$ cat data-v4.cif   # mmCIF, C-alpha atoms and all ligand atoms
data_final
loop_
_atom_site.label_atom_id
_atom_site.label_comp_id
_atom_site.auth_asym_id
_atom_site.auth_seq_id
_atom_site.Cartn_x
_atom_site.Cartn_y
_atom_site.Cartn_z
CA MET A 25 15.96 37.12 -11.88
CA LYS A 26 16.48 34.64 -14.70
CA LEU A 27 13.40 32.58 -15.62
CA HIS A 28 13.84 28.98 -16.81
CA SER A 29 11.51 26.83 -18.88
CA PHE A 30 10.25 23.57 -17.39
CA HIS A 31 12.66 21.63 -19.65
CA GLN A 32 15.63 23.72 -18.48
CA LEU A 33 14.62 23.24 -14.86
CA ALA A 34 14.24 19.48 -15.31
CA GLY A 35 17.71 19.40 -16.87
CA MET A 36 19.17 21.39 -13.98
CA ILE A 37 17.51 19.03 -11.49
CA ASP A 38 18.97 16.05 -13.36
CA GLU A 39 22.45 17.60 -13.34
CA LYS A 40 22.32 18.36 -9.63
CA TRP A 41 20.71 15.22 -8.24
CA GLY A 42 20.97 12.70 -11.08
CA ASN A 43 17.98 10.37 -11.16
CA MET A 44 16.11 11.49 -8.10
CA LEU A 45 12.62 12.71 -7.40
CA ILE A 46 12.71 15.40 -4.73
CA ASP A 47 9.50 17.13 -3.77
CA ASN A 48 8.90 20.77 -2.86
CA HIS A 49 9.44 19.92 0.83
CA ASP A 50 12.84 18.31 0.18
CA ARG A 51 11.57 14.76 0.55
CA THR A 52 13.10 12.15 -1.73
CA ILE A 53 10.39 10.08 -3.41
CA ASN A 54 11.77 6.60 -4.08
CA TYR A 55 8.79 4.33 -3.30
CA LEU A 56 6.01 3.63 -5.81
CA ARG A 57 2.80 1.81 -4.94
CA LEU A 58 1.50 0.49 -8.22
CA ALA A 59 -2.05 -0.89 -8.43
CA VAL A 60 -2.55 -3.44 -11.21
CA THR A 61 -6.34 -3.73 -10.93
CA ASP A 62 -9.20 -2.25 -8.94
CA ARG A 63 -11.07 -5.58 -8.81
CA CYS A 64 -11.05 -7.78 -5.76
CA ASN A 65 -12.56 -11.17 -4.89
CA LEU A 66 -13.28 -10.02 -1.30
CA ARG A 67 -15.66 -7.25 -0.28
CA CYS A 68 -14.09 -5.98 2.95
CA ASN A 69 -16.71 -3.72 4.47
CA TYR A 70 -14.20 -0.98 5.39
CA CYS A 71 -12.95 -0.87 1.78
CA MET A 72 -16.05 -0.97 -0.42
CA PRO A 73 -19.81 -1.54 -0.41
CA SER A 74 -21.13 -5.12 -0.69
CA GLU A 75 -22.12 -4.60 -4.33
CA GLY A 76 -18.57 -3.44 -5.16
CA ILE A 77 -17.77 -0.18 -6.90
CA ASP A 78 -18.03 0.96 -10.49
CA PHE A 79 -15.00 -1.10 -11.57
CA ALA A 80 -12.82 0.13 -14.43
CA LYS A 81 -13.38 -1.14 -17.95
CA LYS A 82 -10.65 -3.44 -19.25
CA ASP A 83 -9.22 -0.91 -21.70
CA HIS A 84 -8.91 1.62 -18.89
CA LEU A 85 -6.47 -0.69 -17.13
CA PHE A 86 -2.85 -0.86 -18.18
CA THR A 87 -1.70 -4.04 -19.87
CA MET A 88 1.16 -5.88 -18.16
CA ASP A 89 3.53 -4.62 -20.86
CA GLU A 90 2.41 -1.05 -20.21
CA LEU A 91 2.86 -1.52 -16.46
CA GLY A 92 6.35 -2.87 -17.14
CA PHE A 93 7.21 0.12 -19.31
CA LEU A 94 5.75 2.54 -16.76
CA SER A 95 7.79 0.88 -14.00
CA GLU A 96 10.94 1.20 -16.09
CA ILE A 97 10.27 4.92 -16.54
CA MET A 98 9.68 5.34 -12.82
CA VAL A 99 12.88 3.48 -11.92
CA GLY A 100 14.67 5.78 -14.38
CA LEU A 101 13.34 8.68 -12.30
CA GLY A 102 14.80 7.31 -9.08
CA ILE A 103 12.15 4.91 -7.77
CA ASN A 104 13.96 1.95 -6.15
CA LYS A 105 11.06 0.27 -4.37
CA ILE A 106 7.81 -0.82 -6.01
CA ARG A 107 4.90 -2.37 -4.15
CA ILE A 108 2.38 -4.17 -6.33
CA THR A 109 -1.14 -3.77 -5.03
CA GLY A 110 -4.75 -3.58 -6.19
CA GLY A 111 -7.69 -4.46 -5.92
CA GLU A 112 -6.35 -7.94 -5.51
CA PRO A 113 -3.19 -8.12 -7.66
CA PHE A 114 -3.46 -11.88 -8.28
CA ILE A 115 -6.85 -11.32 -9.96
CA ARG A 116 -4.67 -10.39 -12.94
CA LYS A 117 -3.79 -13.84 -14.31
CA ASP A 118 -0.78 -12.40 -16.15
CA LEU A 119 0.68 -10.67 -13.09
CA MET A 120 3.85 -12.78 -13.32
CA VAL A 121 4.65 -11.15 -16.68
CA LEU A 122 5.08 -7.88 -14.83
CA LEU A 123 6.90 -9.41 -11.88
CA ARG A 124 9.39 -11.12 -14.23
CA LYS A 125 10.06 -7.76 -15.88
CA LEU A 126 10.44 -5.96 -12.53
CA SER A 127 12.90 -8.56 -11.27
CA GLN A 128 15.17 -7.67 -14.23
CA LEU A 129 15.07 -3.91 -13.70
CA GLU A 130 18.42 -2.51 -12.72
CA GLY A 131 18.10 0.01 -9.91
CA LEU A 132 14.94 -1.56 -8.48
CA ASP A 133 16.10 -2.87 -5.09
CA ASP A 134 12.81 -3.91 -3.55
CA ILE A 135 9.71 -5.50 -5.09
CA SER A 136 6.89 -6.10 -2.63
CA ILE A 137 3.31 -7.29 -2.96
CA THR A 138 0.20 -6.52 -0.91
CA THR A 139 -2.39 -9.30 -1.22
CA ASN A 140 -5.33 -10.89 0.53
CA ALA A 141 -3.53 -14.25 0.00
CA THR A 142 -6.56 -16.02 -1.48
CA LEU A 143 -5.10 -16.58 -4.96
CA ILE A 144 -1.34 -16.57 -4.38
CA ALA A 145 -0.71 -20.33 -4.01
CA PRO A 146 0.08 -21.25 -7.66
CA TYR A 147 2.65 -18.43 -7.86
CA ILE A 148 4.65 -19.05 -4.69
CA GLU A 149 7.39 -21.12 -6.36
CA GLU A 150 8.02 -18.58 -9.08
CA LEU A 151 7.98 -15.68 -6.63
CA LYS A 152 10.83 -17.43 -4.84
CA VAL A 153 12.73 -17.97 -8.08
CA LEU A 154 12.35 -14.27 -8.93
CA GLY A 155 13.66 -13.30 -5.51
CA ILE A 156 10.43 -11.55 -4.48
CA ARG A 157 10.35 -12.07 -0.72
CA ASN A 158 8.31 -9.21 0.75
CA ILE A 159 4.64 -10.07 0.98
CA ASN A 160 2.07 -8.13 2.99
CA VAL A 161 -1.02 -10.17 3.73
CA SER A 162 -4.18 -8.32 4.71
CA LEU A 163 -5.90 -10.21 7.48
CA ASP A 164 -8.24 -8.58 9.97
CA ALA A 165 -9.38 -11.50 12.09
CA VAL A 166 -8.39 -14.69 13.85
CA ASP A 167 -11.96 -15.75 14.33
CA LYS A 168 -13.52 -17.27 11.21
CA ALA A 169 -16.98 -15.72 11.66
CA THR A 170 -15.41 -12.29 12.16
CA PHE A 171 -13.30 -12.75 9.01
CA GLU A 172 -16.36 -13.71 6.99
CA ARG A 173 -18.41 -10.84 8.36
CA ILE A 174 -15.72 -8.30 7.43
CA THR A 175 -14.74 -9.73 4.04
CA ARG A 176 -18.29 -10.86 3.16
CA ARG A 177 -16.69 -13.96 1.66
CA ASP A 178 -15.92 -17.53 2.73
CA GLN A 179 -12.14 -17.58 2.24
CA TYR A 180 -10.80 -17.92 5.78
CA ASP A 181 -9.30 -21.42 5.44
CA ILE A 182 -7.52 -20.68 2.20
CA VAL A 183 -6.06 -17.43 3.54
CA TYR A 184 -4.65 -19.14 6.65
CA THR A 185 -3.32 -22.07 4.57
CA ASN A 186 -1.54 -19.71 2.19
CA LEU A 187 -0.29 -17.51 5.01
CA ASN A 188 1.24 -20.53 6.76
CA ARG A 189 2.83 -21.64 3.51
CA LEU A 190 4.36 -18.21 2.84
CA ILE A 191 5.85 -18.20 6.34
CA ALA A 192 7.14 -21.77 6.01
CA GLU A 193 8.71 -20.97 2.62
CA GLY A 194 10.72 -18.16 4.23
CA PHE A 195 8.96 -15.10 2.79
CA ASN A 196 9.28 -11.87 4.70
CA VAL A 197 5.61 -11.71 5.72
CA ARG A 198 3.83 -8.78 7.26
CA ILE A 199 0.19 -9.01 8.28
CA ASN A 200 -1.92 -5.88 7.84
CA PHE A 201 -4.72 -5.78 10.40
CA ILE A 202 -7.07 -2.77 10.35
CA ALA A 203 -8.48 -2.01 13.80
CA LEU A 204 -12.22 -1.64 13.22
CA GLU A 205 -14.42 -0.42 16.03
CA ASN A 206 -17.13 -2.94 17.01
CA GLN A 207 -15.82 -5.45 14.49
CA ASN A 208 -12.43 -7.05 15.20
CA THR A 209 -10.59 -5.34 18.04
CA GLN A 210 -11.31 -8.41 20.21
CA ASP A 211 -8.92 -10.25 17.84
CA ILE A 212 -5.92 -7.95 18.42
CA ILE A 213 -4.54 -9.96 21.34
CA PRO A 214 -5.42 -13.36 19.79
CA ILE A 215 -3.58 -12.57 16.55
CA LEU A 216 -0.48 -11.57 18.52
CA LYS A 217 -0.72 -14.85 20.42
CA ARG A 218 -1.37 -16.91 17.28
CA MET A 219 1.71 -15.46 15.53
CA GLN A 220 4.06 -15.28 18.50
CA HIS A 221 6.38 -18.12 17.37
CA TYR A 222 6.64 -17.01 13.73
CA PRO A 223 9.06 -14.54 12.14
CA VAL A 224 6.30 -12.19 10.97
CA SER A 225 5.30 -8.64 11.73
CA ILE A 226 1.68 -7.86 12.56
CA ARG A 227 0.95 -4.28 11.68
CA PHE A 228 -2.14 -2.65 13.14
CA LEU A 229 -3.51 0.13 10.99
CA GLU A 230 -6.00 2.82 11.78
CA GLU A 231 -9.12 2.74 9.65
CA MET A 232 -9.23 5.40 6.94
CA PRO A 233 -12.38 6.86 5.41
CA PHE A 234 -11.82 5.35 1.94
CA ASN A 235 -14.61 2.80 1.78
CA GLY A 236 -16.44 3.79 -1.38
CA GLY A 237 -18.96 5.85 0.56
CA SER A 238 -20.34 3.04 2.72
CA LYS A 239 -19.62 4.93 5.95
CA ALA A 240 -18.51 8.54 6.41
CA PHE A 241 -16.46 9.50 9.48
CA SER A 242 -14.09 12.23 10.53
CA THR A 243 -12.77 10.77 13.78
CA ILE A 244 -11.83 7.28 14.91
CA THR A 245 -11.85 5.62 18.30
CA TRP A 246 -9.22 2.98 17.66
CA ASP A 247 -6.21 5.14 16.95
CA TYR A 248 -2.64 3.88 17.32
CA LYS A 249 -2.41 5.02 20.95
CA LYS A 250 -5.51 3.08 21.91
CA ILE A 251 -4.26 -0.01 20.05
CA LEU A 252 -0.96 0.16 21.93
CA ALA A 253 -2.68 0.70 25.29
CA HIS A 254 -4.86 -2.32 24.58
CA ILE A 255 -1.86 -4.50 23.72
CA LEU A 256 -0.05 -3.37 26.88
CA THR A 257 -2.90 -4.57 29.08
CA GLU A 258 -2.08 -8.13 27.99
CA PHE A 259 1.63 -7.76 27.22
CA PRO A 260 3.15 -5.08 29.46
CA GLU A 261 6.73 -5.90 28.43
CA VAL A 262 7.33 -4.50 24.95
CA ILE A 263 10.49 -3.08 23.46
CA GLN A 264 10.35 -0.37 20.80
CA LEU A 265 12.47 -1.29 17.78
CA GLU A 266 14.53 0.91 15.46
CA SER A 267 12.71 1.65 12.20
CA PRO A 268 13.89 3.23 8.95
CA GLN A 269 13.26 6.98 8.89
CA THR A 270 10.66 6.69 6.13
CA SER A 271 8.77 3.86 7.82
CA THR A 272 5.10 4.52 8.49
CA SER A 273 5.11 1.88 11.20
CA ILE A 274 6.21 2.28 14.84
CA ASN A 275 7.59 -1.16 15.62
CA TYR A 276 7.77 -3.23 18.81
CA ARG A 277 8.65 -6.69 20.05
CA ILE A 278 6.80 -8.36 22.90
CA LYS A 279 9.17 -10.01 25.34
CA GLY A 280 9.53 -13.70 24.43
CA HIS A 281 7.87 -13.39 21.00
CA THR A 282 9.60 -14.20 17.72
CA SER A 283 7.10 -12.00 15.86
CA THR A 284 7.09 -8.23 16.06
CA PHE A 285 4.22 -5.81 15.78
CA GLY A 286 3.79 -2.34 14.36
CA LEU A 287 1.35 0.52 14.67
CA ILE A 288 0.53 2.54 11.56
CA PRO A 289 -1.16 5.89 12.29
CA SER A 290 -2.74 6.02 8.85
CA PHE A 291 -5.59 8.24 10.02
CA SER A 292 -3.62 10.23 12.64
CA ARG A 293 -0.95 10.91 9.99
CA THR A 294 2.07 11.38 12.20
CA PHE A 295 4.50 10.32 9.46
CA CYS A 296 3.84 12.75 6.59
CA GLY A 297 7.09 14.64 7.27
CA THR A 298 9.13 11.71 5.95
CA CYS A 299 6.75 10.56 3.21
CA ASN A 300 8.67 8.97 0.33
CA ARG A 301 5.69 7.58 -1.60
CA LEU A 302 3.88 8.00 -4.82
CA ARG A 303 0.85 6.00 -5.94
CA ILE A 304 -0.32 5.09 -9.41
CA SER A 305 -3.79 3.58 -9.60
CA ALA A 306 -4.80 0.75 -11.90
CA THR A 307 -6.29 3.23 -14.35
CA GLY A 308 -3.22 5.47 -14.35
CA ASP A 309 -4.14 8.14 -11.81
CA VAL A 310 -1.13 9.69 -10.11
CA ILE A 311 -1.78 10.15 -6.38
CA THR A 312 0.77 12.15 -4.42
CA CYS A 313 -1.16 11.90 -1.14
CA LEU A 314 -3.81 9.41 -0.01
CA TYR A 315 -5.96 12.23 1.34
CA GLY A 316 -6.07 14.14 -1.93
CA LYS A 317 -7.35 13.84 -5.46
CA PRO A 318 -5.36 12.30 -8.32
CA ARG A 319 -3.01 14.86 -9.83
CA LEU A 320 -3.25 13.59 -13.39
CA ASN A 321 -3.88 10.48 -15.42
CA LEU A 322 -1.03 8.79 -17.26
CA ARG A 323 -2.93 6.30 -19.39
CA GLU A 324 -3.35 8.29 -22.60
CA ILE A 325 0.03 9.94 -22.12
CA LEU A 326 1.74 6.55 -21.92
CA ARG A 327 -0.18 5.33 -24.97
CA GLY A 328 0.53 8.49 -26.98
CA GLU A 329 3.63 9.82 -28.71
CA ASN A 330 6.80 10.52 -26.69
CA GLY A 331 5.13 8.86 -23.71
CA GLU A 332 8.32 8.38 -21.73
CA GLU A 333 9.46 12.00 -21.93
CA LYS A 334 6.00 13.35 -21.18
CA ILE A 335 5.51 11.06 -18.21
CA LYS A 336 8.84 12.12 -16.75
CA GLU A 337 7.86 15.77 -17.07
CA HIS A 338 4.42 15.26 -15.56
CA ILE A 339 5.70 13.21 -12.63
CA GLN A 340 8.39 15.75 -11.84
CA LYS A 341 5.80 18.50 -11.94
CA ALA A 342 3.41 16.61 -9.64
CA ILE A 343 6.23 15.86 -7.21
CA GLY A 344 7.16 19.55 -7.24
CA SER A 345 3.82 20.65 -5.76
CA ARG A 346 2.93 18.22 -2.99
CA SER A 347 1.15 19.16 0.20
CA LYS A 348 3.26 19.01 3.30
CA THR A 349 0.85 16.76 5.17
CA GLY A 350 -2.27 14.69 4.63
CA PHE A 351 -4.20 17.25 6.71
CA GLU A 352 -3.20 20.06 4.36
CA GLU A 353 -4.17 17.91 1.38
CA GLN A 354 -7.50 17.03 2.96
CA ARG A 355 -8.33 20.72 3.47
CA LYS A 356 -7.64 21.37 -0.22
CA TYR A 357 -9.76 18.52 -1.49
CA MET A 358 -12.88 18.20 0.58
CA GLY A 359 -15.10 15.32 -0.48
CA VAL A 360 -12.50 12.79 -1.63
CA PHE A 361 -13.69 10.39 1.01
CA GLN A 362 -16.11 8.90 -1.50
CA ASN A 363 -13.10 6.95 -2.87
CA SER A 364 -12.61 3.26 -2.25
CA MET A 365 -9.23 1.89 -1.28
CA THR A 366 -9.68 -0.78 -3.96
CA SER A 367 -9.12 1.97 -6.56
CA ILE A 368 -6.28 3.65 -4.68
CA GLY A 369 -4.34 0.50 -3.76
CA GLY A 370 -3.90 1.08 -0.02
N1 LIG B 1 -6.26 -6.84 -2.14
C1 LIG B 1 -5.01 -6.54 -1.54
C2 LIG B 1 -5.09 -6.73 -0.06
O1 LIG B 1 -6.14 -7.15 0.44
O2 LIG B 1 -4.10 -6.51 0.61
C3 LIG B 1 -4.42 -5.20 -1.90
C4 LIG B 1 -5.31 -4.01 -1.99
S1 LIG B 1 -5.99 -3.46 -0.46
C5 LIG B 1 -6.96 -2.09 -0.98
C6 LIG B 1 -4.55 -2.73 0.28
C7 LIG B 1 -4.64 -2.45 1.75
O3 LIG B 1 -5.55 -1.40 1.98
C8 LIG B 1 -5.10 -3.63 2.58
O4 LIG B 1 -4.15 -3.89 3.60
C9 LIG B 1 -6.39 -3.14 3.18
O5 LIG B 1 -6.62 -3.66 4.45
C10 LIG B 1 -6.15 -1.64 3.22
N2 LIG B 1 -7.39 -0.85 3.31
C11 LIG B 1 -8.47 -0.95 2.52
N3 LIG B 1 -9.42 -0.09 2.92
C12 LIG B 1 -8.93 0.57 3.99
C13 LIG B 1 -9.45 1.55 4.87
N4 LIG B 1 -10.66 2.07 4.70
N5 LIG B 1 -8.66 1.98 5.87
C14 LIG B 1 -7.42 1.46 6.06
N6 LIG B 1 -6.88 0.53 5.26
C15 LIG B 1 -7.63 0.07 4.25
#
$ encode --input "data-v4.cif" --output "structure tokens" --more "lines below"
Ligand code: SAM
Amino acid sequence: MKLHSFHQLAGMIDEKWGNMLIDNHDRTINYLRLAVTDRCNLRCNYCMPSEGIDFAKKDHLFTMDELGFLSEIMVGLGINKIRITGGEPFIRKDLMVLLRKLSQLEGLDDISITTNATLIAPYIEELKVLGIRNINVSLDAVDKATFERITRRDQYDIVYTNLNRLIAEGFNVRINFIALENQNTQDIIPILKRMQHYPVSIRFLEEMPFNGGSKAFSTITWDYKKILAHILTEFPEVIQLESPQTSTSINYRIKGHTSTFGLIPSFSRTFCGTCNRLRISATGDVITCLYGKPRLNLREILRGENGEEKIKEHIQKAIGSRSKTGFEEQRKYMGVFQNSMTSIGG
């Protein structure tokens, strides 16, 4: 049997598939979730402790130029969708520098943002000009007191004002609502009612154990089946919608509603078989599965000599040894549940 060096193999892969990242389970990886900061102006209790986490030092974060360069490299490798996340991405006052660059990148078909919608208002006009339409707004309550209890901050009015504006301005808005036992499940039906006349999708996610160590758990009560059963008690007539194969969301429409809703089994992990994602944290950690440990850090590599070539090699290598499922990854890396989602980016 002939043995090939890593460089030869990478060349062969390039010749066969062109610019594509294909993992060791034959899954094409074309979707990058890129965190631009780990800082957030909210303190959602399922995400981090009230005092926050040990946030990264400024020089451990990429500059906007570095994030732009990194994105260009990733698009060169076959990434055609980038979701900007955080922490809260709009905490970075120069975020638009990156978004302007991304909107010019050939081969990048989809730029999306996940935000808590507290700081987005001054940027809405330019987002429209840049053609960035896909905004996910995290919002776990209809009731103001519930919102403030979960987020530990007084930002309810501004979030709803900005959400309404995004909808009115024609953005493709999806609301991310985490179903939290004993906290907000009484708001599941009200949020569906509140949004029924708007062209938005409300996506109910299962809680995951990435809360910076504030609460450890290995099972959940409110899984996607229970959320659906609960919705059906109020709205028995729902139609299941077609979804793209790589979608993590099982989507439905309630009869008579303009909005749709989705269920995301983020803890039950029913969708790993079609996973097309890669995550890069704000400090440069490469995460090939939410339930694992970072595979490597790109920061010094990007800042060093031949950064582009080295990053391509490292990413291809990481993609070539992914776990098949989040359960397999979890078994390999016991103890990762000390992480906070504000570092990972959701
Ligand atoms: N600050 C932005 C926001 O609020 O959308 C982006 C970052 S936030 C970490 C990204 C997503 O992760 C949000 O939708 C949030 O609800 C979700 N998230 C955070 N902690 C989670 C947890 N423990 N389980 C499930 N989802 C979580």
$ residues_around --input "data-v4.cif" --residues "region 345-350 of chain A" --least-positions-apart "4" --cutoff "9 Å" --atoms "only C-alpha atoms" --output "list in words"
Asp47, Asn48, His49, Arg293, Thr294, Phe295, Cys296, Gly297, Cys299, Thr312, Cys313, Leu314, Tyr315, Gly316, Lys341, Gln354 and Arg355 of chain A
$ axis_aligned_box --input "data-v4.cif" --around "ligand LIG 1 (chain B)" --padding-each-side "6 Å" --output "JSON"
{"center_x": -7.4, "center_y": -2.5, "center_z": 2.0, "size_x": 18.6, "size_y": 21.2, "size_z": 20.2}
$ closest_residue --input "data-v4.cif" --among "A:Glu205, A:Asp309, A:Glu353, A:Glu231" --to "ligand LIG 1 (chain B)" --atoms "only C-alpha atoms and all ligand atoms"
A:Glu231
$ closest_residue --input "data-v4.cif" --among "A:Leu122, A:Leu143, A:Leu154, A:Val99" --to "ligand LIG 1 (chain B)" --atoms "all atoms listed in the file"
A:Leu143
$ residues_near_point --input "data-v4.cif" --point "(7.3, -3.7, -17.6)" --cutoff "9 Å" --atoms "only C-alpha atoms" --output "list in words"
Met88, Asp89, Glu90, Leu91, Gly92, Phe93, Leu94, Ser95, Glu96, Val121, Leu122, Leu123, Arg124, Lys125, Leu126 and Leu129 of chain A
$ residues_near_ligand --input "data-v4.cif" --ligand "ligand LIG 1 (chain B)" --cutoff "8 Å" --atoms "all atoms listed in the file" --output "mmCIF file with C-alpha atoms, in the frame of the given file"
data_model
loop_
_atom_site.group_PDB
_atom_site.id
_atom_site.type_symbol
_atom_site.label_atom_id
_atom_site.label_comp_id
_atom_site.auth_asym_id
_atom_site.auth_seq_id
_atom_site.Cartn_x
_atom_site.Cartn_y
_atom_site.Cartn_z
ATOM 1 C CA ALA A 59 -2.050 -0.890 -8.430
ATOM 2 C CA CYS A 64 -11.050 -7.780 -5.760
ATOM 3 C CA LEU A 66 -13.280 -10.020 -1.300
ATOM 4 C CA CYS A 68 -14.090 -5.980 2.950
ATOM 5 C CA TYR A 70 -14.200 -0.980 5.390
ATOM 6 C CA CYS A 71 -12.950 -0.870 1.780
ATOM 7 C CA MET A 72 -16.050 -0.970 -0.420
ATOM 8 C CA THR A 109 -1.140 -3.770 -5.030
ATOM 9 C CA GLY A 110 -4.750 -3.580 -6.190
ATOM 10 C CA GLY A 111 -7.690 -4.460 -5.920
ATOM 11 C CA GLU A 112 -6.350 -7.940 -5.510
ATOM 12 C CA PRO A 113 -3.190 -8.120 -7.660
ATOM 13 C CA THR A 138 0.200 -6.520 -0.910
ATOM 14 C CA THR A 139 -2.390 -9.300 -1.220
ATOM 15 C CA ASN A 140 -5.330 -10.890 0.530
ATOM 16 C CA ALA A 141 -3.530 -14.250 0.000
ATOM 17 C CA ASN A 160 2.070 -8.130 2.990
ATOM 18 C CA VAL A 161 -1.020 -10.170 3.730
ATOM 19 C CA SER A 162 -4.180 -8.320 4.710
ATOM 20 C CA LEU A 163 -5.900 -10.210 7.480
ATOM 21 C CA ASP A 164 -8.240 -8.580 9.970
ATOM 22 C CA ASN A 200 -1.920 -5.880 7.840
ATOM 23 C CA PHE A 201 -4.720 -5.780 10.400
ATOM 24 C CA ILE A 202 -7.070 -2.770 10.350
ATOM 25 C CA LEU A 229 -3.510 0.130 10.990
ATOM 26 C CA GLU A 230 -6.000 2.820 11.780
ATOM 27 C CA GLU A 231 -9.120 2.740 9.650
ATOM 28 C CA MET A 232 -9.230 5.400 6.940
ATOM 29 C CA PRO A 233 -12.380 6.860 5.410
ATOM 30 C CA PHE A 234 -11.820 5.350 1.940
ATOM 31 C CA ASN A 235 -14.610 2.800 1.780
ATOM 32 C CA SER A 290 -2.740 6.020 8.850
ATOM 33 C CA SER A 364 -12.610 3.260 -2.250
ATOM 34 C CA MET A 365 -9.230 1.890 -1.280
ATOM 35 C CA THR A 366 -9.680 -0.780 -3.960
ATOM 36 C CA SER A 367 -9.120 1.970 -6.560
ATOM 37 C CA ILE A 368 -6.280 3.650 -4.680
ATOM 38 C CA GLY A 369 -4.340 0.500 -3.760
ATOM 39 C CA GLY A 370 -3.900 1.080 -0.020
#
$ atom_distance --input "data-v4.cif" --atom1 "CA of Thr87 (chain A)" --atom2 "CA of Leu190 (chain A)"
27.4 Å
$ closest_residue --input "data-v4.cif" --among "A:Lys117, A:Arg157, A:Arg327, A:His84" --to "Asp133 (chain A)" --atoms "only C-alpha atoms"
A:Arg157
$ atom_distance --input "data-v4.cif" --atom1 "CA of Met219 (chain A)" --atom2 "CA of Asn206 (chain A)"
22.7 Å
$ residues_near_point --input "data-v4.cif" --point "(-7.5, -18.7, 5.7)" --cutoff "10 Å" --atoms "all atoms listed in the file" --output "PyMOL selection string"
chain A and resi 140-142+163+165-166+168+171+178-188
$ residues_around --input "data-v4.cif" --residues "Ile137 (chain A)" --least-positions-apart "3" --cutoff "6 Å" --atoms "all atoms listed in the file" --output "list in words"
Arg107, Ile108 and Ile159 of chain A
$ residues_around --input "data-v4.cif" --residues "Arg323 (chain A)" --least-positions-apart "3" --cutoff "7 Å" --atoms "only C-alpha atoms" --output "JSON list (two decimals) with C-alpha atoms, in the coordinates of the input"
[["chain", "number", "residue", "atom", "x", "y", "z"],
["A", 307, "THR", "CA", -6.29, 3.23, -14.35],
["A", 308, "GLY", "CA", -3.22, 5.47, -14.35],
["A", 326, "LEU", "CA", 1.74, 6.55, -21.92],
["A", 327, "ARG", "CA", -0.18, 5.33, -24.97]]
$ atom_distance --input "data-v4.cif" --atom1 "CA of Pro146 (chain A)" --atom2 "CA of Leu119 (chain A)"
11.9 Å
$ build_atoms --input "data-v4.cif" --residues "region 199-209 of chain A" --atoms "N, CA, C and O atoms" --output "short mmCIF file (atom, residue, chain, number, x, y, z; two decimals), in the frame of the given file"
data_model
loop_
_atom_site.label_atom_id
_atom_site.label_comp_id
_atom_site.auth_asym_id
_atom_site.auth_seq_id
_atom_site.Cartn_x
_atom_site.Cartn_y
_atom_site.Cartn_z
N ILE A 199 1.67 -8.92 8.27
CA ILE A 199 0.19 -9.01 8.28
C ILE A 199 -0.36 -7.61 8.52
O ILE A 199 0.04 -6.95 9.48
N ASN A 200 -1.25 -7.18 7.65
CA ASN A 200 -1.92 -5.88 7.84
C ASN A 200 -3.28 -6.13 8.47
O ASN A 200 -4.13 -6.80 7.88
N PHE A 201 -3.48 -5.58 9.64
CA PHE A 201 -4.72 -5.78 10.40
C PHE A 201 -5.29 -4.38 10.68
O PHE A 201 -4.66 -3.59 11.38
N ILE A 202 -6.46 -4.09 10.11
CA ILE A 202 -7.07 -2.77 10.35
C ILE A 202 -7.93 -2.88 11.61
O ILE A 202 -8.78 -3.77 11.70
N ALA A 203 -7.70 -1.97 12.56
CA ALA A 203 -8.48 -2.01 13.80
C ALA A 203 -9.83 -1.33 13.56
O ALA A 203 -9.90 -0.13 13.33
N LEU A 204 -10.89 -2.12 13.59
CA LEU A 204 -12.22 -1.64 13.22
C LEU A 204 -13.13 -1.67 14.44
O LEU A 204 -13.41 -2.76 14.98
N GLU A 205 -13.58 -0.51 14.83
CA GLU A 205 -14.42 -0.42 16.03
C GLU A 205 -15.66 -1.32 15.89
O GLU A 205 -16.31 -1.36 14.84
N ASN A 206 -15.96 -2.03 16.95
CA ASN A 206 -17.13 -2.94 17.01
C ASN A 206 -17.06 -4.10 16.02
O ASN A 206 -18.08 -4.73 15.72
N GLN A 207 -15.89 -4.35 15.46
CA GLN A 207 -15.82 -5.45 14.49
C GLN A 207 -14.75 -6.48 14.84
O GLN A 207 -15.03 -7.68 14.87
N ASN A 208 -13.50 -6.04 15.07
CA ASN A 208 -12.43 -7.05 15.20
C ASN A 208 -11.40 -6.75 16.27
O ASN A 208 -10.39 -7.44 16.35
N THR A 209 -11.64 -5.70 17.07
CA THR A 209 -10.59 -5.34 18.04
C THR A 209 -10.42 -6.43 19.11
O THR A 209 -9.35 -6.54 19.71
#
